[in-house]
Each structure stands twice: as structure tokens, then as C-alpha cells.
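**Student:** Below is the file entry.pdb, which contains PDB, C-alpha atoms and all ligand atoms.
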```
ATOM      1  CA  MET A   5     -30.382  -9.665  -6.480  1.00  0.00           C
ATOM      2  CA  THR A   6     -27.567  -9.171  -3.954  1.00  0.00           C
ATOM      3  CA  LYS A   7     -28.611  -8.365  -0.411  1.00  0.00           C
ATOM      4  CA  TYR A   8     -26.006  -6.543   1.603  1.00  0.00           C
ATOM      5  CA  SER A   9     -25.775  -7.583   5.262  1.00  0.00           C
ATOM      6  CA  LYS A  10     -25.403  -5.001   8.033  1.00  0.00           C
ATOM      7  CA  LEU A  11     -21.745  -5.912   8.502  1.00  0.00           C
ATOM      8  CA  TYR A  12     -21.097  -5.601   4.761  1.00  0.00           C
ATOM      9  CA  ARG A  13     -22.692  -2.168   4.664  1.00  0.00           C
ATOM     10  CA  ILE A  14     -20.856  -0.905   7.763  1.00  0.00           C
ATOM     11  CA  ILE A  15     -17.480  -1.976   6.364  1.00  0.00           C
ATOM     12  CA  HIS A  16     -18.326  -0.661   2.909  1.00  0.00           C
ATOM     13  CA  TRP A  17     -19.174   2.821   4.210  1.00  0.00           C
ATOM     14  CA  ALA A  18     -16.329   2.898   6.728  1.00  0.00           C
ATOM     15  CA  ILE A  19     -13.899   2.180   3.849  1.00  0.00           C
ATOM     16  CA  ALA A  20     -15.599   4.728   1.574  1.00  0.00           C
ATOM     17  CA  VAL A  21     -15.499   7.507   4.210  1.00  0.00           C
ATOM     18  CA  SER A  22     -11.873   6.674   5.099  1.00  0.00           C
ATOM     19  CA  PHE A  23     -10.810   6.925   1.442  1.00  0.00           C
ATOM     20  CA  LEU A  24     -12.598  10.255   1.156  1.00  0.00           C
ATOM     21  CA  LEU A  25     -10.816  11.617   4.247  1.00  0.00           C
ATOM     22  CA  LEU A  26      -7.490  10.235   2.991  1.00  0.00           C
ATOM     23  CA  LEU A  27      -8.093  11.976  -0.334  1.00  0.00           C
ATOM     24  CA  ILE A  28      -8.764  15.252   1.507  1.00  0.00           C
ATOM     25  CA  THR A  29      -5.410  15.018   3.333  1.00  0.00           C
ATOM     26  CA  ILE A  30      -3.619  14.387   0.005  1.00  0.00           C
ATOM     27  CA  PHE A  31      -5.530  17.260  -1.611  1.00  0.00           C
ATOM     28  CA  LEU A  32      -4.577  19.644   1.220  1.00  0.00           C
ATOM     29  CA  ARG A  33      -0.934  18.577   1.005  1.00  0.00           C
ATOM     30  CA  LEU A  34      -0.914  19.284  -2.728  1.00  0.00           C
ATOM     31  CA  THR A  35      -2.766  22.630  -2.476  1.00  0.00           C
ATOM     32  CA  TRP A  36      -3.443  24.930   0.520  1.00  0.00           C
ATOM     33  CA  MET A  37      -0.953  23.278   2.840  1.00  0.00           C
ATOM     34  CA  ASN A  38       1.717  22.684   0.207  1.00  0.00           C
ATOM     35  CA  LYS A  39       5.075  23.365   1.856  1.00  0.00           C
ATOM     36  CA  ASN A  40       6.239  25.742  -0.901  1.00  0.00           C
ATOM     37  CA  ASN A  41       3.004  27.769  -0.688  1.00  0.00           C
ATOM     38  CA  VAL A  42       3.190  28.035   3.075  1.00  0.00           C
ATOM     39  CA  ALA A  43       6.913  28.925   2.923  1.00  0.00           C
ATOM     40  CA  SER A  44       6.223  31.729   0.458  1.00  0.00           C
ATOM     41  CA  ILE A  45       3.403  33.115   2.676  1.00  0.00           C
ATOM     42  CA  ILE A  46       5.843  33.236   5.616  1.00  0.00           C
ATOM     43  CA  GLN A  47       8.512  34.803   3.420  1.00  0.00           C
ATOM     44  CA  ASP A  48       6.066  37.450   2.129  1.00  0.00           C
ATOM     45  CA  TYR A  49       5.119  38.324   5.684  1.00  0.00           C
ATOM     46  CA  LEU A  50       8.729  38.468   6.892  1.00  0.00           C
ATOM     47  CA  SER A  51       9.870  40.630   3.985  1.00  0.00           C
ATOM     48  CA  GLY A  52       7.568  43.385   5.313  1.00  0.00           C
ATOM     49  CA  THR A  53       9.124  43.181   8.772  1.00  0.00           C
ATOM     50  CA  ASN A  54      12.829  43.273   7.875  1.00  0.00           C
ATOM     51  CA  GLN A  55      13.335  39.699   9.078  1.00  0.00           C
ATOM     52  CA  VAL A  56      14.960  37.035   6.971  1.00  0.00           C
ATOM     53  CA  LEU A  57      14.858  33.224   7.111  1.00  0.00           C
ATOM     54  CA  SER A  58      16.810  30.885   4.837  1.00  0.00           C
ATOM     55  CA  GLN A  59      14.896  28.725   2.337  1.00  0.00           C
ATOM     56  CA  ASP A  60      15.637  25.667   4.519  1.00  0.00           C
ATOM     57  CA  GLN A  61      14.211  27.360   7.604  1.00  0.00           C
ATOM     58  CA  LEU A  62      11.116  28.446   5.666  1.00  0.00           C
ATOM     59  CA  ILE A  63      10.493  24.899   4.446  1.00  0.00           C
ATOM     60  CA  THR A  64      11.064  23.465   7.949  1.00  0.00           C
ATOM     61  CA  LEU A  65       8.496  25.893   9.373  1.00  0.00           C
ATOM     62  CA  ALA A  66       6.052  25.121   6.562  1.00  0.00           C
ATOM     63  CA  LYS A  67       6.379  21.372   7.247  1.00  0.00           C
ATOM     64  CA  LYS A  68       5.786  21.951  10.970  1.00  0.00           C
ATOM     65  CA  ILE A  69       2.590  23.850  10.165  1.00  0.00           C
ATOM     66  CA  ARG A  70       1.467  21.048   7.821  1.00  0.00           C
ATOM     67  CA  GLN A  71       2.313  18.239  10.276  1.00  0.00           C
ATOM     68  CA  PRO A  72      -0.852  18.209  12.467  1.00  0.00           C
ATOM     69  CA  MET A  73      -2.968  17.965   9.294  1.00  0.00           C
ATOM     70  CA  TRP A  74      -0.686  15.285   7.798  1.00  0.00           C
ATOM     71  CA  ASP A  75      -0.791  13.194  10.987  1.00  0.00           C
ATOM     72  CA  TRP A  76      -4.387  12.485   9.987  1.00  0.00           C
ATOM     73  CA  HIS A  77      -3.215  10.856   6.753  1.00  0.00           C
ATOM     74  CA  VAL A  78      -1.294   8.350   8.848  1.00  0.00           C
ATOM     75  CA  TYR A  79      -4.173   7.825  11.362  1.00  0.00           C
ATOM     76  CA  ILE A  80      -6.617   7.221   8.517  1.00  0.00           C
ATOM     77  CA  GLY A  81      -3.985   4.918   6.953  1.00  0.00           C
ATOM     78  CA  TYR A  82      -4.058   2.790  10.156  1.00  0.00           C
ATOM     79  CA  VAL A  83      -7.862   2.740  10.119  1.00  0.00           C
ATOM     80  CA  LEU A  84      -7.841   1.601   6.481  1.00  0.00           C
ATOM     81  CA  THR A  85      -5.256  -1.078   7.269  1.00  0.00           C
ATOM     82  CA  GLY A  86      -7.615  -2.380   9.988  1.00  0.00           C
ATOM     83  CA  LEU A  87     -10.688  -2.217   7.764  1.00  0.00           C
ATOM     84  CA  PHE A  88      -8.991  -3.951   4.832  1.00  0.00           C
ATOM     85  CA  SER A  89      -7.594  -6.642   7.149  1.00  0.00           C
ATOM     86  CA  LEU A  90     -11.164  -7.263   8.323  1.00  0.00           C
ATOM     87  CA  ARG A  91     -12.374  -7.217   4.730  1.00  0.00           C
ATOM     88  CA  PHE A  92      -9.839  -9.917   3.806  1.00  0.00           C
ATOM     89  CA  ILE A  93     -10.459 -12.040   6.917  1.00  0.00           C
ATOM     90  CA  LEU A  94     -14.276 -12.009   6.794  1.00  0.00           C
ATOM     91  CA  PRO A  95     -14.637 -14.304   3.725  1.00  0.00           C
ATOM     92  CA  PHE A  96     -13.026 -17.076   5.835  1.00  0.00           C
ATOM     93  CA  PHE A  97     -16.024 -16.723   8.182  1.00  0.00           C
ATOM     94  CA  GLY A  98     -18.516 -16.853   5.336  1.00  0.00           C
ATOM     95  CA  GLN A  99     -19.081 -13.073   5.266  1.00  0.00           C
ATOM     96  CA  MET A 100     -18.310 -10.541   2.498  1.00  0.00           C
ATOM     97  CA  LYS A 101     -17.256 -13.304   0.122  1.00  0.00           C
ATOM     98  CA  PHE A 102     -15.035 -12.336  -2.794  1.00  0.00           C
ATOM     99  CA  GLN A 103     -16.441 -12.490  -6.295  1.00  0.00           C
ATOM    100  CA  ASN A 104     -14.645 -14.966  -8.517  1.00  0.00           C
ATOM    101  CA  SER A 105     -12.849 -13.111 -11.321  1.00  0.00           C
ATOM    102  CA  PHE A 106     -11.904 -16.299 -13.130  1.00  0.00           C
ATOM    103  CA  GLY A 107     -15.371 -17.831 -13.672  1.00  0.00           C
ATOM    104  CA  LYS A 108     -15.917 -19.309 -17.151  1.00  0.00           C
ATOM    105  CA  ASN A 109     -19.394 -17.963 -17.860  1.00  0.00           C
ATOM    106  CA  LEU A 110     -18.751 -14.325 -17.121  1.00  0.00           C
ATOM    107  CA  SER A 111     -19.740 -11.646 -19.614  1.00  0.00           C
ATOM    108  CA  LEU A 112     -17.144  -9.136 -20.764  1.00  0.00           C
ATOM    109  CA  LYS A 113     -18.735  -6.497 -18.498  1.00  0.00           C
ATOM    110  CA  GLU A 114     -18.594  -8.797 -15.445  1.00  0.00           C
ATOM    111  CA  LYS A 115     -14.974  -9.676 -16.189  1.00  0.00           C
ATOM    112  CA  PHE A 116     -14.094  -5.976 -16.445  1.00  0.00           C
ATOM    113  CA  GLN A 117     -15.845  -5.285 -13.091  1.00  0.00           C
ATOM    114  CA  LYS A 118     -14.135  -8.132 -11.287  1.00  0.00           C
ATOM    115  CA  TYR A 119     -10.672  -7.485 -12.679  1.00  0.00           C
ATOM    116  CA  THR A 120     -11.015  -3.772 -11.786  1.00  0.00           C
ATOM    117  CA  TYR A 121     -11.631  -4.786  -8.153  1.00  0.00           C
ATOM    118  CA  LEU A 122      -8.758  -7.246  -8.185  1.00  0.00           C
ATOM    119  CA  ILE A 123      -6.322  -4.612  -9.507  1.00  0.00           C
ATOM    120  CA  PHE A 124      -7.678  -2.033  -7.049  1.00  0.00           C
ATOM    121  CA  TYR A 125      -7.180  -4.369  -4.073  1.00  0.00           C
ATOM    122  CA  LEU A 126      -3.649  -5.095  -5.247  1.00  0.00           C
ATOM    123  CA  PHE A 127      -2.831  -1.371  -5.441  1.00  0.00           C
ATOM    124  CA  VAL A 128      -4.425  -0.724  -2.030  1.00  0.00           C
ATOM    125  CA  ILE A 129      -2.304  -3.492  -0.482  1.00  0.00           C
ATOM    126  CA  ILE A 130       0.801  -1.878  -2.034  1.00  0.00           C
ATOM    127  CA  SER A 131      -0.208   1.580  -0.657  1.00  0.00           C
ATOM    128  CA  LEU A 132      -0.900   0.247   2.832  1.00  0.00           C
ATOM    129  CA  THR A 133       2.283  -1.830   2.956  1.00  0.00           C
ATOM    130  CA  THR A 134       4.556   0.950   1.644  1.00  0.00           C
ATOM    131  CA  GLY A 135       2.854   3.442   4.027  1.00  0.00           C
ATOM    132  CA  LEU A 136       3.481   1.154   7.000  1.00  0.00           C
ATOM    133  CA  ILE A 137       7.113   0.585   5.926  1.00  0.00           C
ATOM    134  CA  ILE A 138       7.636   4.390   5.678  1.00  0.00           C
ATOM    135  CA  GLU A 139       6.428   4.642   9.295  1.00  0.00           C
ATOM    136  CA  PHE A 140       7.952   1.524  10.848  1.00  0.00           C
ATOM    137  CA  GLY A 141      10.457   0.117   8.358  1.00  0.00           C
ATOM    138  CA  ARG A 142      14.201   0.476   8.128  1.00  0.00           C
ATOM    139  CA  LYS A 143      15.516   3.959   7.263  1.00  0.00           C
ATOM    140  CA  GLU A 144      17.315   2.740   4.101  1.00  0.00           C
ATOM    141  CA  LEU A 145      13.962   1.651   2.632  1.00  0.00           C
ATOM    142  CA  LYS A 146      12.190   4.937   3.307  1.00  0.00           C
ATOM    143  CA  SER A 147      12.947   6.879   0.110  1.00  0.00           C
ATOM    144  CA  THR A 148      12.193   3.947  -2.249  1.00  0.00           C
ATOM    145  CA  MET A 149       8.932   3.262  -0.390  1.00  0.00           C
ATOM    146  CA  GLU A 150       7.984   6.956  -0.592  1.00  0.00           C
ATOM    147  CA  GLU A 151       8.588   6.969  -4.353  1.00  0.00           C
ATOM    148  CA  ILE A 152       6.193   4.021  -4.772  1.00  0.00           C
ATOM    149  CA  HIS A 153       3.705   5.233  -2.159  1.00  0.00           C
ATOM    150  CA  VAL A 154       3.126   8.716  -3.617  1.00  0.00           C
ATOM    151  CA  LEU A 155       2.032   7.170  -6.948  1.00  0.00           C
ATOM    152  CA  GLY A 156      -1.109   5.963  -5.117  1.00  0.00           C
ATOM    153  CA  ILE A 157      -2.985   9.140  -5.972  1.00  0.00           C
ATOM    154  CA  TYR A 158      -3.206   8.081  -9.657  1.00  0.00           C
ATOM    155  CA  TYR A 159      -4.964   4.748  -9.188  1.00  0.00           C
ATOM    156  CA  LEU A 160      -7.140   6.186  -6.419  1.00  0.00           C
ATOM    157  CA  ILE A 161      -8.575   8.876  -8.654  1.00  0.00           C
ATOM    158  CA  VAL A 162      -8.941   6.551 -11.671  1.00  0.00           C
ATOM    159  CA  PHE A 163     -10.670   3.871  -9.546  1.00  0.00           C
ATOM    160  CA  ILE A 164     -13.066   6.307  -7.838  1.00  0.00           C
ATOM    161  CA  GLY A 165     -14.032   7.666 -11.302  1.00  0.00           C
ATOM    162  CA  ILE A 166     -14.613   4.201 -12.845  1.00  0.00           C
ATOM    163  CA  TYR A 167     -16.395   2.994  -9.694  1.00  0.00           C
ATOM    164  CA  LEU A 168     -18.875   5.880  -9.425  1.00  0.00           C
ATOM    165  CA  ALA A 169     -19.614   5.719 -13.158  1.00  0.00           C
ATOM    166  CA  GLY A 170     -20.144   1.923 -12.826  1.00  0.00           C
ATOM    167  CA  VAL A 171     -22.527   2.289  -9.893  1.00  0.00           C
ATOM    168  CA  LEU A 172     -24.581   4.931 -11.707  1.00  0.00           C
ATOM    169  CA  ILE A 173     -24.722   2.852 -14.908  1.00  0.00           C
ATOM    170  CA  ALA A 174     -25.829  -0.214 -12.869  1.00  0.00           C
ATOM    171  CA  GLU A 175     -28.503   1.819 -11.036  1.00  0.00           C
ATOM    172  CA  PHE A 176     -29.994   3.079 -14.293  1.00  0.00           C
ATOM    173  CA  THR A 177     -29.744  -0.183 -16.256  1.00  0.00           C
ATOM    174  CA  ASP A 178     -29.888  -3.758 -14.935  1.00  0.00           C
ATOM    175  CA  GLN A 179     -29.419  -3.321 -11.164  1.00  0.00           C
ATOM    176  CA  LYS A 180     -32.055  -0.791 -10.149  1.00  0.00           C
ATOM    177  CA  GLY A 181     -31.988  -0.079  -6.410  1.00  0.00           C
ATOM    178  CA  ILE A 182     -28.322  -1.042  -5.964  1.00  0.00           C
ATOM    179  CA  ILE A 183     -27.622   2.350  -4.322  1.00  0.00           C
ATOM    180  CA  SER A 184     -30.478   2.079  -1.819  1.00  0.00           C
ATOM    181  CA  ARG A 185     -29.527  -1.547  -1.048  1.00  0.00           C
ATOM    182  CA  ILE A 186     -25.952  -0.590  -0.085  1.00  0.00           C
ATOM    183  CA  ILE A 187     -27.420   2.134   2.178  1.00  0.00           C
ATOM    184  CA  SER A 188     -30.342   0.377   3.830  1.00  0.00           C
ATOM    185  CA  GLY A 189     -29.901  -3.310   2.912  1.00  0.00           C
ATOM    186  CA  SER A 190     -32.733  -5.209   1.268  1.00  0.00           C
ATOM    187  CA  LYS A 191     -36.381  -4.251   1.704  1.00  0.00           C
ATOM    188  CA  LYS A 192     -36.911  -7.127   4.145  1.00  0.00           C
ATOM    189  CA  GLY A 193     -34.258  -5.663   6.431  1.00  0.00           C
ATOM    190  CA  ASN A 194     -30.981  -7.314   7.334  1.00  0.00           C
TER     191      ASN A 194
HETATM  192  C1  LIG B 201      -4.738   3.173   0.419  1.00  0.00           C
HETATM  193  C2  LIG B 201      -4.021   3.803   1.296  1.00  0.00           C
HETATM  194  C3  LIG B 201      -3.151   5.005   1.012  1.00  0.00           C
HETATM  195  C4  LIG B 201      -3.078   5.848  -0.075  1.00  0.00           C
HETATM  196  C5  LIG B 201      -3.897   5.814  -1.350  1.00  0.00           C
HETATM  197  C6  LIG B 201      -2.055   6.837   0.226  1.00  0.00           C
HETATM  198  C7  LIG B 201      -1.676   7.862  -0.634  1.00  0.00           C
HETATM  199  C8  LIG B 201      -0.625   8.745  -0.409  1.00  0.00           C
HETATM  200  C9  LIG B 201      -0.170   9.768  -1.327  1.00  0.00           C
HETATM  201  C10 LIG B 201      -0.789  10.043  -2.694  1.00  0.00           C
HETATM  202  C11 LIG B 201       0.862  10.418  -0.748  1.00  0.00           C
HETATM  203  C12 LIG B 201       1.673  11.574  -1.349  1.00  0.00           C
HETATM  204  C13 LIG B 201       1.105  12.907  -0.986  1.00  0.00           C
HETATM  205  C14 LIG B 201       1.918  14.019  -1.601  1.00  0.00           C
HETATM  206  O1  LIG B 201       3.146  13.894  -1.717  1.00  0.00           O
HETATM  207  O2  LIG B 201       1.323  15.019  -1.957  1.00  0.00           O
HETATM  208  C15 LIG B 201       1.108   9.799   0.540  1.00  0.00           C
HETATM  209  C16 LIG B 201       2.113  10.158   1.417  1.00  0.00           C
HETATM  210  C17 LIG B 201       2.362   9.537   2.636  1.00  0.00           C
HETATM  211  N1  LIG B 201       1.623   8.514   3.190  1.00  0.00           N
HETATM  212 FE1  LIG B 201       0.058   7.577   2.347  1.00  0.00          FE
HETATM  213  N2  LIG B 201      -1.525   6.587   1.480  1.00  0.00           N
HETATM  214  C18 LIG B 201      -2.156   5.466   1.993  1.00  0.00           C
HETATM  215  C19 LIG B 201      -1.928   4.863   3.203  1.00  0.00           C
HETATM  216  C20 LIG B 201      -0.922   5.220   4.093  1.00  0.00           C
HETATM  217  C21 LIG B 201      -0.595   4.513   5.299  1.00  0.00           C
HETATM  218  C22 LIG B 201      -1.251   3.214   5.789  1.00  0.00           C
HETATM  219  C23 LIG B 201       0.434   5.196   5.886  1.00  0.00           C
HETATM  220  C24 LIG B 201       1.164   4.908   7.170  1.00  0.00           C
HETATM  221  C25 LIG B 201       0.678   4.301   8.184  1.00  0.00           C
HETATM  222  C26 LIG B 201       0.763   6.320   5.043  1.00  0.00           C
HETATM  223  C27 LIG B 201       1.765   7.222   5.289  1.00  0.00           C
HETATM  224  C28 LIG B 201       2.193   8.205   4.410  1.00  0.00           C
HETATM  225  C29 LIG B 201       3.337   9.067   4.654  1.00  0.00           C
HETATM  226  C30 LIG B 201       4.231   9.075   5.893  1.00  0.00           C
HETATM  227  C31 LIG B 201       3.450   9.905   3.528  1.00  0.00           C
HETATM  228  C32 LIG B 201       4.475  11.000   3.288  1.00  0.00           C
HETATM  229  C33 LIG B 201       5.564  10.494   2.376  1.00  0.00           C
HETATM  230  C34 LIG B 201       6.505  11.617   2.023  1.00  0.00           C
HETATM  231  O3  LIG B 201       6.806  12.435   2.871  1.00  0.00           O
HETATM  232  O4  LIG B 201       6.937  11.655   0.857  1.00  0.00           O
HETATM  233  N3  LIG B 201      -0.089   6.309   3.958  1.00  0.00           N
HETATM  234  N4  LIG B 201       0.186   8.783   0.734  1.00  0.00           N
END
```
Mind turning this structure into C-alpha cells?
Ligand code: HEM
**Tutor:**
Amino acid sequence: MTKYSKLYRIIHWAIAVSFLLLLITIFLRLTWMNKNNVASIIQDYLSGTNQVLSQDQLITLAKKIRQPMWDWHVYIGYVLTGLFSLRFILPFFGQMKFQNSFGKNLSLKEKFQKYTYLIFYLFVIISLTTGLIIEFGRKELKSTMEEIHVLGIYYLIVFIGIYLAGVLIAEFTDQKGIISRIISGSKKGN
């Protein structure tokens, strides 16, 4: 039965909370704070006051209103970059070791689990790298990076769905207590 060390649990939950916050920023950008929605609210208001703004001005204003919220996407992106860097460095110090996806004696279920993680990590690395290039890279790269980066929402939602279902199935079948172990470690304390 896997025991999760304190460090493992701290990093696990820091990553989980960061993804949740990141998802909230994406959700807000797609819904309440969507630039077209905000622009049409401003336009509705102005049309009752005999003032007119061009579509470009409305969108610029809407983006300015969205910006302080969106800044948090980037801040959380930096935090995730730090946490994932730690997550990838720690195995070299004997902590948070990676599971081997290529083992010979793995069952089909174990292979599915391990490959899902591998693919997820690959996608996360792509999201973090393209995000950082959007912020710090050369201007010519920006639009291509944005096109790749915005696709991140699809794998994120699919992974979170598969992951939560997997954890629940494990808890109720062959790995009882897995949820309490990732919260409070093993019974002996760690
Ligand atoms: C796993 C990590 C990440 C995921 C899953 C992710 C996901 C996304 C998604 C889905 C969007 C599109 C939102 C929309 O158009 O409605 C987006 C936009 C953006 N992200 Fe990230 N992001 C991540 C990390 C980062 C990082 C590390 C940075 C920068 C430090 C960053 C900077 C940006 C920027 C600047 C945009 C706006 C792009 C545009 O205007 O088209 N992201 N991100």
C-alpha cells in the first residue's frame, strides 16, 4: 500500500488547487468576463445615454476590465511552472518517484493509468512552455503559441474527469483508503 510522504501530499494538493484556480480563470474568460459579453453590456448602457463607442473601443474596454482577473491566470501559470519543475526534479533526490509505464508485468488497467499520466504530463509541459513563450517569447511566435495554448482546456477537462472517476473507482474497489492517505498520509503518520 502506497504511503504518501508530507512533501508528496503538499505538492499534490498545491498542484490540484492551482489547476482548480486556473480552470476558474479560464471559465470566467469564457463566460461572465467574456470580452463580447462585457462589450455588449457597455454598449447597452451607452445606448440609453446617447453616447456611442466603436466596436473596437468597446472590445478594448472589455479587455481592460477582464485584465486584472486574467493576470491571475498568468500568476497561477508561474506557480504551476514552479510546482511542476519541483515535481520533475524531486525524483532525482529519491522523492516522488515516477511510476514506470513500460514495466512488463503490468495489467491492462495499470498500463492505462500510467500512460494517462504520461500523456497528461506531456500536455502540461506543452501548456506551460507555450504559456511562457506567449509571455516572454519573440512576438512572431505569439499567435502560433496562442493557437496551441488555448487547446489546453480540452485535455484538462478530459483528464480531470478520468482522474476523479479513477480515484473513486480505486477507493471503492482495490485501494480502499487511497483518498484519506493522500490527505493525511498513512495511519502511522509521515
Ligand atoms: C497547465 C497550464 C495551463 C493551462 C491548462 C492553460 C490553459 C489556457 C487556456 C485554455 C487558455 C485560453 C482561454 C480562452 O481563450 O478562453 C489560456 C490562455 C492564456 N494563457 Fe494559459 N494555461 C496554462 C498555463 C499558462 C502559463 C504558464 C502562462 C504564462 C505564464 C499562460 C498564459 C496565458 C495567456 C497569456 C493566455 C491568453 C492567450 C490569448 O490571449 O489568446 N498560461 N491558457
**Student:** Kindly compute an axis-aligned box around the listed atoms of ligand LIG 201 (chain B), allowing 3 Å on each side, and express its centre and edge lengths in Å to one decimal as JSON.
**Tutor:**
```
{"center_x": 1.1, "center_y": 9.1, "center_z": 2.7, "size_x": 17.7, "size_y": 17.8, "size_z": 16.9}
```
**Student:** Take the PyMOL selection byres (((chain A and resi 174-186) around 12) and not hetatm), run it mentally on this structure, and tell me the resulting residues as a ChimeraX atom specification.
**Tutor:** /A:5-17,20,113-114,117,167-173,187-194
**Student:** Give the answer as one residue: which of A:Ser44, A:Thr148, A:Asn104, A:Ser131 has the shortest atom-to-atom distance to Leu26 (chain A), using only C-alpha atoms?
**Tutor:**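 Looking at the shortest contact to Leu26 (chain A), the residue is A:Ser131.
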**Student:** Could you list, as a PyMOL selection string, all the residues within 9 Å of ligand LIG 201 (chain B), counting all atoms listed in the file?
**Tutor:** chain A and resi 23+26-27+29-35+38+74-75+77-85+127-140+146-147+149-151+153-160
**Student:** Report, in Å to a single decimal, how far apart CA of Gln71 (chain A) and CA of Tyr49 (chain A) are.
**Tutor:**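 Computed distance, CA of Tyr49 (chain A) to CA of Gln71 (chain A), equals 20.8 Å.
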**Student:** Work out how far CA of Trp76 (chain A) is from CA of Trp36 (chain A), in Å to one decimal.
**Tutor:** 15.7 Å
**Student:** Report, in Å to a single decimal, how far apart CA of Leu122 (chain A) and CA of Leu87 (chain A) are.
**Tutor:** 16.8 Å
**Student:** Give the answer as one residue: which of A:Met100, A:Ala43, A:Leu145, A:Met73 has the shortest atom-to-atom distance to Gln59 (chain A), using only C-alpha atoms?
**Tutor:** A:Ala43
**Student:** Find, counting only C-alpha atoms, the residue in A:Ala18, A:Val42, A:Leu126, A:Leu50 that gets nearest to Ile63 (chain A).
**Tutor:** A:Val42
